[in-house]
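Here is final-v5.csv, consisting of CSV, C-alpha atoms and all ligand atoms:
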```
chain,number,residue,atom,x,y,z
A,834,MET,CA,-3.7,-12.4,0.2
A,835,SER,CA,-3.4,-15.0,3.0
A,836,ALA,CA,-4.9,-14.6,6.5
A,837,LEU,CA,-1.4,-14.3,7.9
A,838,GLN,CA,-0.7,-11.4,5.6
A,839,ILE,CA,-3.9,-9.6,6.6
A,840,LYS,CA,-3.1,-10.2,10.2
A,841,ARG,CA,0.3,-8.7,9.7
A,842,LEU,CA,-1.2,-5.8,7.8
A,843,TYR,CA,-3.5,-4.8,10.7
A,844,SER,CA,-0.7,-5.1,13.2
A,845,GLY,CA,0.3,-1.7,11.7
A,846,LYS,CA,-0.7,1.5,13.4
A,847,PRO,CA,-4.4,2.1,12.6
A,848,ILE,CA,-5.4,5.4,11.2
A,849,HIS,CA,-8.6,7.2,11.7
A,850,THR,CA,-9.4,8.1,8.1
A,851,GLY,CA,-12.7,10.0,8.7
A,852,ASN,CA,-14.1,7.9,5.9
A,853,PRO,CA,-16.4,5.1,7.0
A,854,TYR,CA,-15.6,3.2,3.7
A,855,LEU,CA,-11.9,3.1,4.2
A,856,GLU,CA,-9.7,1.4,6.7
A,857,ALA,CA,-6.0,2.3,6.8
A,858,SER,CA,-2.9,1.5,8.7
A,859,ILE,CA,0.8,2.4,8.5
A,860,THR,CA,2.9,-0.7,8.1
A,861,ASP,CA,6.5,-1.7,7.6
A,862,MET,CA,7.8,1.0,10.0
A,863,GLY,CA,6.1,3.7,7.9
A,864,ALA,CA,7.4,2.4,4.6
A,865,THR,CA,3.9,1.4,3.4
A,866,LEU,CA,0.4,2.7,3.7
A,867,ALA,CA,-2.2,-0.1,3.7
A,868,LEU,CA,-5.7,0.7,2.6
A,869,GLN,CA,-8.8,-1.3,2.4
A,870,TRP,CA,-12.0,0.1,0.9
A,871,LEU,CA,-15.2,-1.5,2.0
A,872,GLY,CA,-15.6,-4.9,0.3
A,873,GLU,CA,-12.3,-4.6,-1.6
A,874,PRO,CA,-9.0,-6.4,-1.1
A,875,VAL,CA,-6.3,-4.7,0.9
A,876,VAL,CA,-3.9,-2.7,-1.2
A,877,GLN,CA,-0.5,-1.3,-0.1
A,878,ILE,CA,1.0,1.9,-1.4
A,879,PRO,CA,4.7,2.4,-0.8
A,880,ALA,CA,5.5,5.7,1.1
A,881,GLN,CA,8.0,6.6,-1.6
A,882,VAL,CA,5.2,6.4,-4.3
A,883,LEU,CA,3.0,8.7,-2.2
A,884,ARG,CA,5.9,11.1,-1.7
A,885,MET,CA,6.8,11.3,-5.3
A,886,ARG,CA,3.1,11.9,-6.3
A,887,CYS,CA,2.7,14.7,-3.8
A,888,GLN,CA,0.5,17.3,-5.5
A,889,CYS,CA,1.1,20.3,-3.2
A,890,ASP,CA,2.0,23.6,-4.9
A,891,THR,CA,5.7,23.3,-3.9
A,892,CYS,CA,6.2,19.9,-5.3
A,893,ARG,CA,4.2,20.6,-8.5
A,894,SER,CA,6.3,23.7,-9.1
A,895,GLY,CA,9.5,21.6,-8.8
A,896,LYS,CA,10.7,23.8,-5.9
A,897,GLY,CA,10.3,21.1,-3.3
A,898,ASN,CA,13.2,18.9,-2.3
A,899,HIS,CA,12.1,15.6,-3.8
A,900,PRO,CA,13.3,12.5,-2.0
A,901,HIS,CA,16.4,10.7,-3.2
A,902,PRO,CA,15.8,7.1,-4.1
A,903,ALA,CA,18.8,6.0,-2.0
A,904,ASN,CA,17.2,7.7,1.0
A,905,PRO,CA,13.8,6.2,1.2
A,906,THR,CA,11.1,8.3,2.7
A,907,THR,CA,8.7,6.9,5.3
A,908,ILE,CA,5.4,8.0,6.6
A,909,ALA,CA,5.8,9.9,9.9
A,910,HIS,CA,2.2,10.9,10.5
A,911,ILE,CA,-1.2,10.9,8.9
A,912,ARG,CA,-4.2,12.9,9.8
A,913,PRO,CA,-7.7,12.9,8.3
A,914,LEU,CA,-8.9,16.0,6.5
A,915,GLY,CA,-12.5,15.7,7.4
A,916,LEU,CA,-14.4,13.8,4.7
A,917,SER,CA,-12.1,14.9,1.9
A,918,GLY,CA,-8.9,12.9,2.3
A,919,LEU,CA,-5.7,12.4,4.2
A,920,ARG,CA,-2.7,14.6,5.0
A,921,ILE,CA,0.6,12.9,5.3
A,922,ARG,CA,3.8,14.1,7.0
A,923,PHE,CA,6.9,12.3,5.7
A,924,SER,CA,10.1,11.4,7.4
A,925,ASP,CA,11.9,14.1,5.3
A,926,GLY,CA,9.9,16.7,7.1
A,927,HIS,CA,7.5,17.4,4.2
A,928,ASP,CA,4.1,18.2,5.7
A,929,ALA,CA,2.0,19.6,2.9
A,930,ALA,CA,1.1,16.4,1.1
A,931,THR,CA,-2.7,15.9,0.8
A,932,TYR,CA,-4.4,13.1,-0.9
A,933,ASP,CA,-8.1,12.9,-1.6
A,934,TRP,CA,-10.0,9.6,-1.9
A,935,THR,CA,-9.9,9.7,-5.7
A,936,SER,CA,-6.1,10.1,-5.9
A,937,LEU,CA,-5.6,7.4,-3.2
A,938,GLY,CA,-7.9,5.1,-5.2
A,939,ALA,CA,-5.9,5.8,-8.3
A,940,LEU,CA,-2.6,5.0,-6.5
A,941,SER,CA,-4.2,1.8,-5.2
A,942,GLY,CA,-5.0,0.5,-8.6
B,1001,ZN,ZN,4.6,18.3,-1.7
```
Would you mind writing the structure in this file as structure tokens?
Ligand SMILES: [Zn+2]
Amino acid sequence: MSALQIKRLYSGKPIHTGNPYLEASITDMGATLALQWLGEPVVQIPAQVLRMRCQCDTCRSGKGNHPHPANPTTIAHIRPLGLSGLRIRFSDGHDAATYDWTSLGALSG
């Protein structure tokens, strides 16, 4: 990744993750979550991927209104869950999506 790309990455809205080993920002108007673990290259996770992988009870049971591919979901807000992970509110109003560091790491790979 070039210096220019990294500069653009960090022009995104920075997020307080609560994790000293992880820096994060919302980029591309909420379409992407950029993550950088300490000493690792920056990875970007599309909001749509995060939304589709939501592990809340509603989504896992199939009762949630999953997003339509033609209507891309963006990240509206992120807040830290103490030391355990992040909670993401999406543009479709879904506010129950939580991601621990392990699952974020898996999505980053
Ligand atoms: Zn969900």
Residues near range 921-923 of chain A, cut-off 9 Å, all atoms listed in the file, skip fewer than 5 positions along chain, as a PDB file with C-alpha atoms, keeping the file's coordinate frame:
```pdb
ATOM      1  CA  GLY A 863       6.100   3.700   7.900  1.00  0.00           C
ATOM      2  CA  ALA A 880       5.500   5.700   1.100  1.00  0.00           C
ATOM      3  CA  LEU A 883       3.000   8.700  -2.200  1.00  0.00           C
ATOM      4  CA  ARG A 884       5.900  11.100  -1.700  1.00  0.00           C
ATOM      5  CA  THR A 906      11.100   8.300   2.700  1.00  0.00           C
ATOM      6  CA  THR A 907       8.700   6.900   5.300  1.00  0.00           C
ATOM      7  CA  ILE A 908       5.400   8.000   6.600  1.00  0.00           C
ATOM      8  CA  ALA A 909       5.800   9.900   9.900  1.00  0.00           C
ATOM      9  CA  HIS A 910       2.200  10.900  10.500  1.00  0.00           C
ATOM     10  CA  ILE A 911      -1.200  10.900   8.900  1.00  0.00           C
ATOM     11  CA  ARG A 912      -4.200  12.900   9.800  1.00  0.00           C
ATOM     12  CA  PRO A 913      -7.700  12.900   8.300  1.00  0.00           C
ATOM     13  CA  ASP A 928       4.100  18.200   5.700  1.00  0.00           C
ATOM     14  CA  ALA A 929       2.000  19.600   2.900  1.00  0.00           C
ATOM     15  CA  ALA A 930       1.100  16.400   1.100  1.00  0.00           C
ATOM     16  CA  THR A 931      -2.700  15.900   0.800  1.00  0.00           C
ATOM     17  CA  TYR A 932      -4.400  13.100  -0.900  1.00  0.00           C
TER      18      TYR A 932
END
```
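Residues of protein, DNA or RNA having any atom at most 7 Å from ligand ZN 1001 (chain B), counting only C-alpha atoms and all ligand atoms, are Cys887, Gln888, Cys889, Asp890, Thr891, Cys892, Gly897, His927, Ala929 and Ala930 of chain A.
For the pair CA of Pro879 in chain A and CA of Ala857 in chain A, the interatomic distance is 13.1 Å.
Nearest residue to Leu914 in chain A among A:Asn852, A:Pro847, A:Arg893, A:Ile878 is A:Asn852, counting only C-alpha atoms.
The environment of Gly938 in chain A within 10 Å, counting all atoms listed in the file and disregarding residues fewer than 2 places along the same chain, consists of Leu868, Gln869, Trp870, Val876, Tyr932, Asp933, Trp934, Thr935, Ser936, Leu940, Ser941 and Gly942 of chain A.
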Interatomic distance between CA of Gln877 in chain A and CA of Asn904 in chain A? 19.9 Å
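Rounded to one decimal, CA of Thr850 in chain A and CA of Gln881 in chain A lie 20.0 Å from each other.
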